[in-house]
file protein10.txt (compact mmCIF, N, CA and C atoms and all ligand atoms)
# COMPACT_ATOMS: atom_id res chain seq x y z
N MET J 1 -7.06 20.02 -11.83
CA MET J 1 -6.17 19.55 -10.77
C MET J 1 -5.51 20.75 -10.11
N ALA J 2 -5.10 20.53 -8.90
CA ALA J 2 -4.45 21.62 -8.16
C ALA J 2 -3.40 21.04 -7.23
N LEU J 3 -2.34 21.78 -7.07
CA LEU J 3 -1.32 21.37 -6.12
C LEU J 3 -1.84 21.57 -4.71
N ARG J 4 -1.52 20.64 -3.83
CA ARG J 4 -1.88 20.82 -2.42
C ARG J 4 -0.60 20.96 -1.61
N ASN J 5 -0.74 21.61 -0.49
CA ASN J 5 0.39 21.82 0.40
C ASN J 5 0.69 20.54 1.18
N ILE J 6 1.94 20.13 1.21
CA ILE J 6 2.32 18.94 1.98
C ILE J 6 2.67 19.37 3.41
N VAL J 7 1.92 18.85 4.37
CA VAL J 7 2.19 19.22 5.76
C VAL J 7 3.46 18.52 6.24
N LYS J 8 4.14 19.18 7.16
CA LYS J 8 5.43 18.69 7.63
C LYS J 8 5.33 18.13 9.05
N GLU J 9 6.34 17.34 9.40
CA GLU J 9 6.41 16.75 10.73
C GLU J 9 6.19 17.84 11.78
N GLY J 10 5.38 17.51 12.78
CA GLY J 10 5.05 18.50 13.80
C GLY J 10 3.60 18.95 13.64
N ASP J 11 3.08 18.84 12.42
CA ASP J 11 1.66 19.17 12.18
C ASP J 11 0.82 18.05 12.81
N PRO J 12 -0.18 18.43 13.63
CA PRO J 12 -0.96 17.41 14.34
C PRO J 12 -1.70 16.43 13.41
N THR J 13 -1.97 16.85 12.18
CA THR J 13 -2.67 15.97 11.22
C THR J 13 -1.92 14.65 11.04
N LEU J 14 -0.59 14.73 11.09
CA LEU J 14 0.23 13.54 10.81
C LEU J 14 0.17 12.49 11.91
N SER J 15 -0.35 12.85 13.07
CA SER J 15 -0.41 11.85 14.13
C SER J 15 -1.84 11.38 14.41
N LYS J 16 -2.76 11.76 13.53
CA LYS J 16 -4.16 11.35 13.71
C LYS J 16 -4.52 10.13 12.86
N ILE J 17 -5.59 9.45 13.28
CA ILE J 17 -6.05 8.29 12.54
C ILE J 17 -7.08 8.74 11.50
N SER J 18 -6.87 8.34 10.27
CA SER J 18 -7.77 8.75 9.18
C SER J 18 -9.02 7.88 9.15
N ARG J 19 -10.11 8.47 8.65
CA ARG J 19 -11.40 7.77 8.56
C ARG J 19 -11.53 7.07 7.20
N PRO J 20 -12.27 5.97 7.19
CA PRO J 20 -12.49 5.28 5.91
C PRO J 20 -13.26 6.16 4.93
N VAL J 21 -13.02 5.90 3.65
CA VAL J 21 -13.77 6.57 2.59
C VAL J 21 -15.07 5.79 2.39
N THR J 22 -16.20 6.52 2.36
CA THR J 22 -17.49 5.86 2.14
C THR J 22 -18.15 6.32 0.85
N GLU J 23 -17.77 7.49 0.37
CA GLU J 23 -18.36 8.03 -0.86
C GLU J 23 -17.30 8.04 -1.97
N PHE J 24 -17.58 7.32 -3.03
CA PHE J 24 -16.64 7.28 -4.17
C PHE J 24 -17.14 8.26 -5.23
N ASP J 25 -17.02 9.53 -4.87
CA ASP J 25 -17.62 10.57 -5.68
C ASP J 25 -16.58 11.54 -6.22
N GLU J 26 -17.04 12.61 -6.83
CA GLU J 26 -16.13 13.56 -7.45
C GLU J 26 -15.18 14.23 -6.46
N ARG J 27 -15.62 14.32 -5.22
CA ARG J 27 -14.75 14.92 -4.21
C ARG J 27 -13.52 14.04 -3.98
N LEU J 28 -13.74 12.73 -3.95
CA LEU J 28 -12.63 11.78 -3.80
C LEU J 28 -11.72 11.85 -5.04
N TRP J 29 -12.33 11.88 -6.21
CA TRP J 29 -11.53 11.90 -7.44
C TRP J 29 -10.70 13.17 -7.53
N GLN J 30 -11.27 14.28 -7.08
CA GLN J 30 -10.53 15.54 -7.06
C GLN J 30 -9.32 15.42 -6.12
N LEU J 31 -9.56 14.82 -4.95
CA LEU J 31 -8.47 14.61 -4.00
C LEU J 31 -7.36 13.76 -4.63
N LEU J 32 -7.76 12.65 -5.27
CA LEU J 32 -6.78 11.75 -5.89
C LEU J 32 -6.01 12.45 -7.00
N ASP J 33 -6.72 13.22 -7.82
CA ASP J 33 -6.05 13.94 -8.91
C ASP J 33 -5.08 14.99 -8.36
N ASP J 34 -5.51 15.70 -7.34
CA ASP J 34 -4.64 16.71 -6.72
C ASP J 34 -3.41 16.05 -6.08
N MET J 35 -3.64 14.90 -5.44
CA MET J 35 -2.52 14.20 -4.81
C MET J 35 -1.51 13.75 -5.87
N ALA J 36 -2.01 13.29 -7.02
CA ALA J 36 -1.11 12.84 -8.10
C ALA J 36 -0.24 13.99 -8.58
N GLU J 37 -0.86 15.15 -8.75
CA GLU J 37 -0.11 16.31 -9.21
C GLU J 37 0.91 16.74 -8.15
N THR J 38 0.47 16.70 -6.90
CA THR J 38 1.35 17.11 -5.79
C THR J 38 2.54 16.16 -5.65
N LEU J 39 2.27 14.86 -5.82
CA LEU J 39 3.35 13.85 -5.72
C LEU J 39 4.36 14.03 -6.85
N GLU J 40 3.84 14.28 -8.05
CA GLU J 40 4.73 14.45 -9.20
C GLU J 40 5.62 15.67 -9.01
N LYS J 41 5.01 16.74 -8.56
CA LYS J 41 5.75 17.99 -8.35
C LYS J 41 6.83 17.81 -7.27
N ALA J 42 6.48 17.03 -6.25
CA ALA J 42 7.40 16.83 -5.13
C ALA J 42 8.46 15.77 -5.45
N ASP J 43 8.28 15.08 -6.59
CA ASP J 43 9.22 14.06 -7.03
C ASP J 43 9.36 12.92 -6.01
N GLY J 44 8.22 12.49 -5.48
CA GLY J 44 8.23 11.39 -4.51
C GLY J 44 7.66 10.13 -5.11
N VAL J 45 7.64 9.04 -4.34
CA VAL J 45 7.05 7.78 -4.82
C VAL J 45 5.71 7.49 -4.14
N GLY J 46 5.46 8.15 -3.00
CA GLY J 46 4.20 7.87 -2.32
C GLY J 46 3.69 9.08 -1.57
N LEU J 47 2.37 9.17 -1.46
CA LEU J 47 1.76 10.29 -0.75
C LEU J 47 0.44 9.81 -0.15
N ALA J 48 0.24 10.11 1.12
CA ALA J 48 -1.01 9.73 1.81
C ALA J 48 -1.84 10.98 2.06
N ALA J 49 -3.17 10.80 2.07
CA ALA J 49 -4.07 11.95 2.20
C ALA J 49 -3.78 12.84 3.42
N PRO J 50 -3.46 12.27 4.59
CA PRO J 50 -3.18 13.15 5.73
C PRO J 50 -2.00 14.09 5.47
N GLN J 51 -1.11 13.71 4.55
CA GLN J 51 0.02 14.58 4.22
C GLN J 51 -0.42 15.84 3.48
N VAL J 52 -1.65 15.82 2.92
CA VAL J 52 -2.19 17.05 2.34
C VAL J 52 -3.35 17.56 3.20
N GLY J 53 -3.36 17.12 4.45
CA GLY J 53 -4.31 17.67 5.42
C GLY J 53 -5.70 17.05 5.40
N VAL J 54 -5.85 15.91 4.71
CA VAL J 54 -7.17 15.27 4.60
C VAL J 54 -7.12 13.93 5.35
N LEU J 55 -7.92 13.82 6.40
CA LEU J 55 -7.86 12.61 7.23
C LEU J 55 -8.79 11.52 6.70
N ARG J 56 -8.46 11.04 5.50
CA ARG J 56 -9.20 9.94 4.87
C ARG J 56 -8.23 8.84 4.50
N ARG J 57 -8.72 7.59 4.49
CA ARG J 57 -7.84 6.45 4.23
C ARG J 57 -7.60 6.28 2.73
N VAL J 58 -6.66 7.09 2.25
CA VAL J 58 -6.32 7.15 0.83
C VAL J 58 -4.81 7.35 0.70
N PHE J 59 -4.17 6.58 -0.19
CA PHE J 59 -2.80 6.93 -0.56
C PHE J 59 -2.57 6.64 -2.03
N ILE J 60 -1.53 7.24 -2.57
CA ILE J 60 -1.15 6.96 -3.95
C ILE J 60 0.35 6.65 -3.99
N MET J 61 0.74 5.92 -5.04
CA MET J 61 2.16 5.59 -5.25
C MET J 61 2.43 5.74 -6.74
N ASN J 62 3.69 6.05 -7.06
CA ASN J 62 4.08 6.07 -8.46
C ASN J 62 5.55 5.70 -8.55
N PHE J 63 5.81 4.56 -9.18
CA PHE J 63 7.19 4.09 -9.32
C PHE J 63 7.70 4.32 -10.74
N GLY J 64 7.07 5.29 -11.42
CA GLY J 64 7.50 5.63 -12.77
C GLY J 64 6.66 4.98 -13.85
N GLU J 65 5.68 4.19 -13.43
CA GLU J 65 4.84 3.52 -14.41
C GLU J 65 3.37 3.89 -14.23
N GLY J 66 3.14 5.08 -13.74
CA GLY J 66 1.76 5.53 -13.55
C GLY J 66 1.35 5.49 -12.09
N VAL J 67 0.29 6.21 -11.80
CA VAL J 67 -0.16 6.34 -10.42
C VAL J 67 -1.02 5.14 -10.01
N ILE J 68 -0.70 4.59 -8.85
CA ILE J 68 -1.51 3.53 -8.26
C ILE J 68 -2.29 4.17 -7.11
N GLU J 69 -3.60 4.03 -7.15
CA GLU J 69 -4.46 4.63 -6.13
C GLU J 69 -4.96 3.56 -5.18
N ALA J 70 -4.87 3.80 -3.88
CA ALA J 70 -5.35 2.84 -2.89
C ALA J 70 -6.28 3.55 -1.91
N VAL J 71 -7.54 3.12 -1.92
CA VAL J 71 -8.56 3.69 -1.03
C VAL J 71 -8.92 2.60 -0.01
N ASN J 72 -9.01 3.00 1.24
CA ASN J 72 -9.28 2.06 2.35
C ASN J 72 -8.31 0.87 2.33
N PRO J 73 -7.02 1.15 2.19
CA PRO J 73 -6.03 0.08 2.06
C PRO J 73 -5.82 -0.70 3.35
N GLU J 74 -5.45 -1.94 3.17
CA GLU J 74 -5.20 -2.82 4.30
C GLU J 74 -4.09 -3.80 3.88
N ILE J 75 -3.10 -3.96 4.73
CA ILE J 75 -2.06 -4.96 4.44
C ILE J 75 -2.55 -6.29 4.99
N VAL J 76 -2.75 -7.26 4.10
CA VAL J 76 -3.35 -8.52 4.53
C VAL J 76 -2.34 -9.64 4.68
N ASP J 77 -1.10 -9.41 4.20
CA ASP J 77 -0.06 -10.43 4.37
C ASP J 77 1.31 -9.77 4.35
N ARG J 78 2.22 -10.28 5.18
CA ARG J 78 3.58 -9.75 5.25
C ARG J 78 4.54 -10.93 5.27
N LYS J 79 5.64 -10.83 4.50
CA LYS J 79 6.63 -11.91 4.50
C LYS J 79 8.05 -11.34 4.54
N GLY J 80 8.90 -11.99 5.34
CA GLY J 80 10.31 -11.63 5.37
C GLY J 80 10.57 -10.27 5.98
N THR J 81 11.84 -9.85 5.89
CA THR J 81 12.20 -8.51 6.36
C THR J 81 13.21 -7.89 5.39
N GLN J 82 13.25 -6.58 5.38
CA GLN J 82 14.26 -5.85 4.61
C GLN J 82 14.69 -4.66 5.45
N GLU J 83 15.93 -4.27 5.25
CA GLU J 83 16.45 -3.07 5.91
C GLU J 83 17.01 -2.17 4.82
N GLU J 84 16.26 -1.13 4.48
CA GLU J 84 16.64 -0.26 3.37
C GLU J 84 16.37 1.20 3.73
N GLN J 85 16.81 2.07 2.83
CA GLN J 85 16.68 3.52 3.06
C GLN J 85 15.25 4.00 2.82
N GLU J 86 14.82 4.90 3.67
CA GLU J 86 13.48 5.45 3.55
C GLU J 86 13.49 6.94 3.90
N GLY J 87 12.62 7.68 3.27
CA GLY J 87 12.43 9.09 3.59
C GLY J 87 10.96 9.41 3.49
N CYS J 88 10.60 10.68 3.69
CA CYS J 88 9.19 11.05 3.68
C CYS J 88 9.06 12.51 3.25
N LEU J 89 8.09 12.78 2.38
CA LEU J 89 7.89 14.16 1.91
C LEU J 89 7.52 15.10 3.05
N SER J 90 7.04 14.54 4.17
CA SER J 90 6.70 15.37 5.33
C SER J 90 7.90 15.60 6.25
N CYS J 91 9.02 14.92 5.94
CA CYS J 91 10.25 15.08 6.74
C CYS J 91 11.39 15.38 5.78
N PRO J 92 11.34 16.52 5.10
CA PRO J 92 12.32 16.79 4.05
C PRO J 92 13.76 16.74 4.55
N GLY J 93 14.61 16.09 3.75
CA GLY J 93 16.03 16.03 4.07
C GLY J 93 16.42 15.00 5.10
N GLU J 94 15.44 14.22 5.58
CA GLU J 94 15.76 13.22 6.59
C GLU J 94 15.57 11.81 6.02
N TYR J 95 16.58 10.99 6.22
CA TYR J 95 16.54 9.62 5.70
C TYR J 95 17.05 8.67 6.76
N GLY J 96 16.50 7.47 6.72
CA GLY J 96 16.97 6.47 7.67
C GLY J 96 16.79 5.08 7.12
N ILE J 97 17.48 4.14 7.74
CA ILE J 97 17.32 2.72 7.39
C ILE J 97 16.18 2.18 8.26
N THR J 98 15.17 1.64 7.58
CA THR J 98 14.04 1.08 8.33
C THR J 98 14.03 -0.44 8.21
N ARG J 99 13.35 -1.05 9.15
CA ARG J 99 13.11 -2.50 9.06
C ARG J 99 11.64 -2.68 8.70
N ARG J 100 11.42 -3.32 7.56
CA ARG J 100 10.07 -3.52 7.02
C ARG J 100 9.95 -4.95 6.49
N PRO J 101 8.71 -5.39 6.25
CA PRO J 101 8.57 -6.69 5.57
C PRO J 101 9.14 -6.63 4.16
N LYS J 102 9.68 -7.74 3.69
CA LYS J 102 10.24 -7.81 2.34
C LYS J 102 9.12 -7.81 1.29
N LYS J 103 8.04 -8.49 1.63
CA LYS J 103 6.91 -8.59 0.71
C LYS J 103 5.62 -8.33 1.48
N VAL J 104 4.71 -7.63 0.85
CA VAL J 104 3.38 -7.46 1.45
C VAL J 104 2.31 -7.70 0.41
N LYS J 105 1.13 -8.01 0.90
CA LYS J 105 -0.04 -8.10 0.02
C LYS J 105 -1.01 -7.02 0.48
N LEU J 106 -1.37 -6.16 -0.46
CA LEU J 106 -2.27 -5.04 -0.19
C LEU J 106 -3.66 -5.36 -0.71
N LYS J 107 -4.64 -5.03 0.13
CA LYS J 107 -6.03 -5.09 -0.30
C LYS J 107 -6.55 -3.66 -0.24
N ALA J 108 -7.15 -3.18 -1.32
CA ALA J 108 -7.63 -1.80 -1.33
C ALA J 108 -8.75 -1.65 -2.34
N GLN J 109 -9.37 -0.47 -2.32
CA GLN J 109 -10.40 -0.14 -3.31
C GLN J 109 -9.85 0.88 -4.29
N ASP J 110 -10.34 0.82 -5.52
CA ASP J 110 -9.95 1.85 -6.49
C ASP J 110 -10.89 3.05 -6.33
N ARG J 111 -10.74 4.05 -7.21
CA ARG J 111 -11.52 5.28 -7.05
C ARG J 111 -13.03 5.09 -7.27
N HIS J 112 -13.39 3.91 -7.79
CA HIS J 112 -14.81 3.64 -7.99
C HIS J 112 -15.37 2.69 -6.92
N GLY J 113 -14.49 2.28 -6.00
CA GLY J 113 -14.96 1.41 -4.91
C GLY J 113 -14.71 -0.06 -5.15
N LYS J 114 -14.09 -0.40 -6.29
CA LYS J 114 -13.84 -1.81 -6.60
C LYS J 114 -12.61 -2.31 -5.83
N TRP J 115 -12.78 -3.43 -5.14
CA TRP J 115 -11.66 -3.99 -4.37
C TRP J 115 -10.66 -4.65 -5.28
N PHE J 116 -9.36 -4.52 -4.93
CA PHE J 116 -8.32 -5.24 -5.68
C PHE J 116 -7.20 -5.64 -4.71
N TYR J 117 -6.40 -6.57 -5.15
CA TYR J 117 -5.22 -7.00 -4.39
C TYR J 117 -3.98 -6.63 -5.17
N MET J 118 -2.90 -6.34 -4.44
CA MET J 118 -1.64 -6.03 -5.10
C MET J 118 -0.51 -6.59 -4.26
N ASN J 119 0.41 -7.30 -4.91
CA ASN J 119 1.58 -7.79 -4.21
C ASN J 119 2.72 -6.81 -4.40
N GLY J 120 3.41 -6.48 -3.33
CA GLY J 120 4.53 -5.56 -3.42
C GLY J 120 5.76 -6.16 -2.79
N GLU J 121 6.91 -5.85 -3.40
CA GLU J 121 8.17 -6.39 -2.91
C GLU J 121 9.20 -5.26 -2.87
N ASP J 122 10.17 -5.37 -1.97
CA ASP J 122 11.24 -4.37 -1.86
C ASP J 122 10.68 -2.94 -1.75
N LEU J 123 11.04 -2.03 -2.68
CA LEU J 123 10.60 -0.63 -2.58
C LEU J 123 9.08 -0.52 -2.51
N VAL J 124 8.40 -1.33 -3.31
CA VAL J 124 6.92 -1.25 -3.33
C VAL J 124 6.36 -1.65 -1.96
N ALA J 125 6.94 -2.69 -1.37
CA ALA J 125 6.49 -3.13 -0.04
C ALA J 125 6.77 -2.06 1.01
N ARG J 126 7.94 -1.44 0.93
CA ARG J 126 8.27 -0.36 1.89
C ARG J 126 7.28 0.78 1.75
N CYS J 127 6.98 1.12 0.51
CA CYS J 127 6.08 2.24 0.25
C CYS J 127 4.67 1.93 0.76
N ILE J 128 4.19 0.74 0.50
CA ILE J 128 2.85 0.36 0.98
C ILE J 128 2.79 0.45 2.51
N CYS J 129 3.82 -0.05 3.18
CA CYS J 129 3.86 0.02 4.65
C CYS J 129 3.91 1.47 5.13
N HIS J 130 4.78 2.25 4.50
CA HIS J 130 4.98 3.65 4.87
C HIS J 130 3.68 4.45 4.74
N GLU J 131 3.01 4.28 3.59
CA GLU J 131 1.80 5.07 3.34
C GLU J 131 0.64 4.60 4.22
N THR J 132 0.54 3.30 4.42
CA THR J 132 -0.52 2.77 5.30
C THR J 132 -0.32 3.29 6.72
N ASP J 133 0.93 3.36 7.15
CA ASP J 133 1.26 3.91 8.48
C ASP J 133 0.73 5.33 8.65
N HIS J 134 0.88 6.14 7.58
CA HIS J 134 0.40 7.53 7.65
C HIS J 134 -1.09 7.58 8.02
N LEU J 135 -1.85 6.60 7.55
CA LEU J 135 -3.30 6.61 7.78
C LEU J 135 -3.63 6.29 9.24
N ASP J 136 -2.64 5.74 9.95
CA ASP J 136 -2.82 5.47 11.38
C ASP J 136 -2.00 6.42 12.24
N GLY J 137 -1.51 7.48 11.62
CA GLY J 137 -0.82 8.51 12.38
C GLY J 137 0.63 8.19 12.73
N HIS J 138 1.24 7.30 11.93
CA HIS J 138 2.63 6.93 12.21
C HIS J 138 3.59 7.43 11.12
N LEU J 139 4.78 7.81 11.55
CA LEU J 139 5.82 8.24 10.61
C LEU J 139 6.90 7.16 10.50
N PHE J 140 7.63 7.20 9.39
CA PHE J 140 8.64 6.16 9.13
C PHE J 140 9.71 6.10 10.21
N LYS J 141 9.89 7.23 10.89
CA LYS J 141 10.96 7.28 11.90
C LYS J 141 10.75 6.25 13.02
N GLU J 142 9.50 5.85 13.21
CA GLU J 142 9.22 4.85 14.25
C GLU J 142 9.80 3.48 13.87
N HIS J 143 10.13 3.31 12.58
CA HIS J 143 10.68 2.04 12.11
C HIS J 143 12.17 2.13 11.80
N VAL J 144 12.75 3.29 12.09
CA VAL J 144 14.15 3.50 11.72
C VAL J 144 15.09 2.79 12.69
N ILE J 145 16.04 2.07 12.12
CA ILE J 145 17.09 1.42 12.91
C ILE J 145 18.19 2.44 13.16
N ARG J 146 18.52 3.19 12.08
CA ARG J 146 19.45 4.30 12.26
C ARG J 146 19.19 5.38 11.20
N MET J 147 19.30 6.62 11.63
CA MET J 147 19.12 7.73 10.70
C MET J 147 20.40 7.86 9.87
N LEU J 148 20.24 8.36 8.64
CA LEU J 148 21.39 8.53 7.76
C LEU J 148 21.75 10.00 7.65
N ASP J 149 23.00 10.24 7.44
CA ASP J 149 23.48 11.61 7.28
C ASP J 149 23.74 11.82 5.79
N ILE J 150 22.73 12.34 5.07
CA ILE J 150 22.89 12.49 3.61
C ILE J 150 22.91 13.98 3.25
ZN ZN Q 1 5.64 9.70 4.39
call {"tool": "encode", "arguments": {"input": "protein10.txt", "output": "structure tokens"}}
result
Amino acid sequence: MALRNIVKEGDPTLSKISRPVTEFDERLWQLLDDMAETLEKADGVGLAAPQVGVLRRVFIMNFGEGVIEAVNPEIVDRKGTQEEQEGCLSCPGEYGITRRPKKVKLKAQDRHGKWFYMNGEDLVARCICHETDHLDGHLFKEHVIRMLDI
């Protein structure tokens, strides 16, 4: 495993649309392993591939119970709304209150290409929305109701 550099706001990679993953091979696994190490080191809860300069539809999350890997993720259902604090490893030191769905249903593939569904609520739902947005070139700031001074 190796640490990867997290690109920051202003880097053109963050505003591009990522391509689907078609090969579930060692190159993908290396990316996922590197992202896990990078996320742990950065002490974050979510990281998308474009944040390490790779324009592929991949993100990972970790809420303290192990890494969840999502390849070719798609939000297939959204319910309710929440307004909570959000930040981004690509926008260090910046936090804002965003408006997001309260609950989402994620459809994604694992590192071997097997499809799975995952229901997320509150922080998990925010994270799924935030990371999926990265794959379409969007930052959380587009959903911010007000920035916070922390
Ligand atoms: Zn982010």
call {"tool": "residues_near_point", "arguments": {"input": "protein10.txt", "point": "(-0.4, 19.4, -7.7)", "cutoff": "10 Å", "atoms": "only C-alpha atoms", "output": "number ranges by chain"}}
result
J: 1-5, 33-42
call {"tool": "residues_around", "arguments": {"input": "protein10.txt", "residues": "Val21 of chain J", "least_positions_apart": "2", "cutoff": "9 Å", "atoms": "only C-alpha atoms", "output": "list in words"}}
result
Arg19, Glu23, Phe24, Leu28, Arg56, Arg57, Val58, Val71 and Asn72 of chain J
call {"tool": "residues_near_ligand", "arguments": {"input": "protein10.txt", "ligand": "ligand ZN 1 (chain Q)", "cutoff": "6.5 Å", "atoms": "all atoms listed in the file", "output": "list in words"}}
result
Gly46, Leu47, Ala48, Gly87, Cys88, Leu89, Ser90, Cys91, His130, Glu131, Leu139 and Phe140 of chain J
call {"tool": "write_last_selection", "arguments": {"input": "protein10.txt", "atoms": "N, CA and C atoms", "output": "PDB file, in the coordinates of the input"}}
result
ATOM      1  N   GLY J  46       5.460   8.150  -3.000  1.00  0.00           N
ATOM      2  CA  GLY J  46       4.200   7.870  -2.320  1.00  0.00           C
ATOM      3  C   GLY J  46       3.690   9.080  -1.570  1.00  0.00           C
ATOM      4  N   LEU J  47       2.370   9.170  -1.460  1.00  0.00           N
ATOM      5  CA  LEU J  47       1.760  10.290  -0.750  1.00  0.00           C
ATOM      6  C   LEU J  47       0.440   9.810  -0.150  1.00  0.00           C
ATOM      7  N   ALA J  48       0.240  10.110   1.120  1.00  0.00           N
ATOM      8  CA  ALA J  48      -1.010   9.730   1.810  1.00  0.00           C
ATOM      9  C   ALA J  48      -1.840  10.980   2.060  1.00  0.00           C
ATOM     10  N   GLY J  87      12.620   7.680   3.270  1.00  0.00           N
ATOM     11  CA  GLY J  87      12.430   9.090   3.590  1.00  0.00           C
ATOM     12  C   GLY J  87      10.960   9.410   3.490  1.00  0.00           C
ATOM     13  N   CYS J  88      10.600  10.680   3.690  1.00  0.00           N
ATOM     14  CA  CYS J  88       9.190  11.050   3.680  1.00  0.00           C
ATOM     15  C   CYS J  88       9.060  12.510   3.250  1.00  0.00           C
ATOM     16  N   LEU J  89       8.090  12.780   2.380  1.00  0.00           N
ATOM     17  CA  LEU J  89       7.890  14.160   1.910  1.00  0.00           C
ATOM     18  C   LEU J  89       7.520  15.100   3.050  1.00  0.00           C
ATOM     19  N   SER J  90       7.040  14.540   4.170  1.00  0.00           N
ATOM     20  CA  SER J  90       6.700  15.370   5.330  1.00  0.00           C
ATOM     21  C   SER J  90       7.900  15.600   6.250  1.00  0.00           C
ATOM     22  N   CYS J  91       9.020  14.920   5.940  1.00  0.00           N
ATOM     23  CA  CYS J  91      10.250  15.080   6.740  1.00  0.00           C
ATOM     24  C   CYS J  91      11.390  15.380   5.780  1.00  0.00           C
ATOM     25  N   HIS J 130       4.780   2.250   4.500  1.00  0.00           N
ATOM     26  CA  HIS J 130       4.980   3.650   4.870  1.00  0.00           C
ATOM     27  C   HIS J 130       3.680   4.450   4.740  1.00  0.00           C
ATOM     28  N   GLU J 131       3.010   4.280   3.590  1.00  0.00           N
ATOM     29  CA  GLU J 131       1.800   5.070   3.340  1.00  0.00           C
ATOM     30  C   GLU J 131       0.640   4.600   4.220  1.00  0.00           C
ATOM     31  N   LEU J 139       4.780   7.810  11.550  1.00  0.00           N
ATOM     32  CA  LEU J 139       5.820   8.240  10.610  1.00  0.00           C
ATOM     33  C   LEU J 139       6.900   7.160  10.500  1.00  0.00           C
ATOM     34  N   PHE J 140       7.630   7.200   9.390  1.00  0.00           N
ATOM     35  CA  PHE J 140       8.640   6.160   9.130  1.00  0.00           C
ATOM     36  C   PHE J 140       9.710   6.100  10.210  1.00  0.00           C
TER      37      PHE J 140
END
call {"tool": "atom_distance", "arguments": {"input": "protein10.txt", "atom1": "atom N of Ile75 of chain J", "atom2": "atom CA of Ile60 of chain J"}}
result
14.1 Å
call {"tool": "atom_distance", "arguments": {"input": "protein10.txt", "atom1": "atom CA of Pro92 of chain J", "atom2": "atom CA of Val104 of chain J"}}
result
26.0 Å
call {"tool": "closest_residue", "arguments": {"input": "protein10.txt", "among": "J:Lys8, J:Lys79, J:Lys114, J:Arg99", "to": "Gln51 of chain J", "atoms": "only N, CA and C atoms"}}
result
J:Lys8
call {"tool": "select_by_dssp", "arguments": {"input": "protein10.txt", "residues": "chain J", "states": "helix (DSSP H, G or I)", "output": "VMD selection string"}}
result
chain J and resid 12 to 15 26 to 42 49 to 52 123 to 135 140 to 143
call {"tool": "build_atoms", "arguments": {"input": "protein10.txt", "residues": "segment 117-121 of chain J", "atoms": "all heavy atoms", "output": "tab-separated table (two decimals), in the coordinates of the input"}}
result
chain	number	residue	atom	x	y	z
J	117	TYR	N	-6.40	-6.57	-5.15
J	117	TYR	CA	-5.22	-7.00	-4.39
J	117	TYR	C	-3.98	-6.63	-5.17
J	117	TYR	O	-3.99	-6.62	-6.40
J	117	TYR	CB	-5.22	-8.51	-4.17
J	117	TYR	CG	-6.27	-8.97	-3.18
J	117	TYR	CD1	-7.53	-9.36	-3.61
J	117	TYR	CD2	-5.98	-9.02	-1.82
J	117	TYR	CE1	-8.49	-9.78	-2.71
J	117	TYR	CE2	-6.93	-9.44	-0.91
J	117	TYR	CZ	-8.19	-9.82	-1.35
J	117	TYR	OH	-9.14	-10.23	-0.46
J	118	MET	N	-2.90	-6.34	-4.44
J	118	MET	CA	-1.64	-6.03	-5.10
J	118	MET	C	-0.51	-6.59	-4.26
J	118	MET	O	-0.48	-6.40	-3.04
J	118	MET	CB	-1.50	-4.51	-5.20
J	118	MET	CG	-0.21	-4.07	-5.84
J	118	MET	SD	-0.07	-2.26	-5.80
J	118	MET	CE	1.69	-2.14	-6.17
J	119	ASN	N	0.41	-7.30	-4.91
J	119	ASN	CA	1.58	-7.79	-4.21
J	119	ASN	C	2.72	-6.81	-4.40
J	119	ASN	O	2.97	-6.36	-5.52
J	119	ASN	CB	1.98	-9.17	-4.74
J	119	ASN	CG	0.98	-10.22	-4.36
J	119	ASN	OD1	0.69	-10.42	-3.19
J	119	ASN	ND2	0.39	-10.88	-5.36
J	120	GLY	N	3.41	-6.48	-3.33
J	120	GLY	CA	4.53	-5.56	-3.42
J	120	GLY	C	5.76	-6.16	-2.79
J	120	GLY	O	5.68	-6.88	-1.79
J	121	GLU	N	6.91	-5.85	-3.40
J	121	GLU	CA	8.17	-6.39	-2.91
J	121	GLU	C	9.20	-5.26	-2.87
J	121	GLU	O	9.09	-4.29	-3.65
J	121	GLU	CB	8.59	-7.47	-3.92
J	121	GLU	CG	9.73	-8.31	-3.48
J	121	GLU	CD	9.96	-9.52	-4.41
J	121	GLU	OE1	9.04	-9.94	-5.13
J	121	GLU	OE2	11.08	-10.01	-4.40
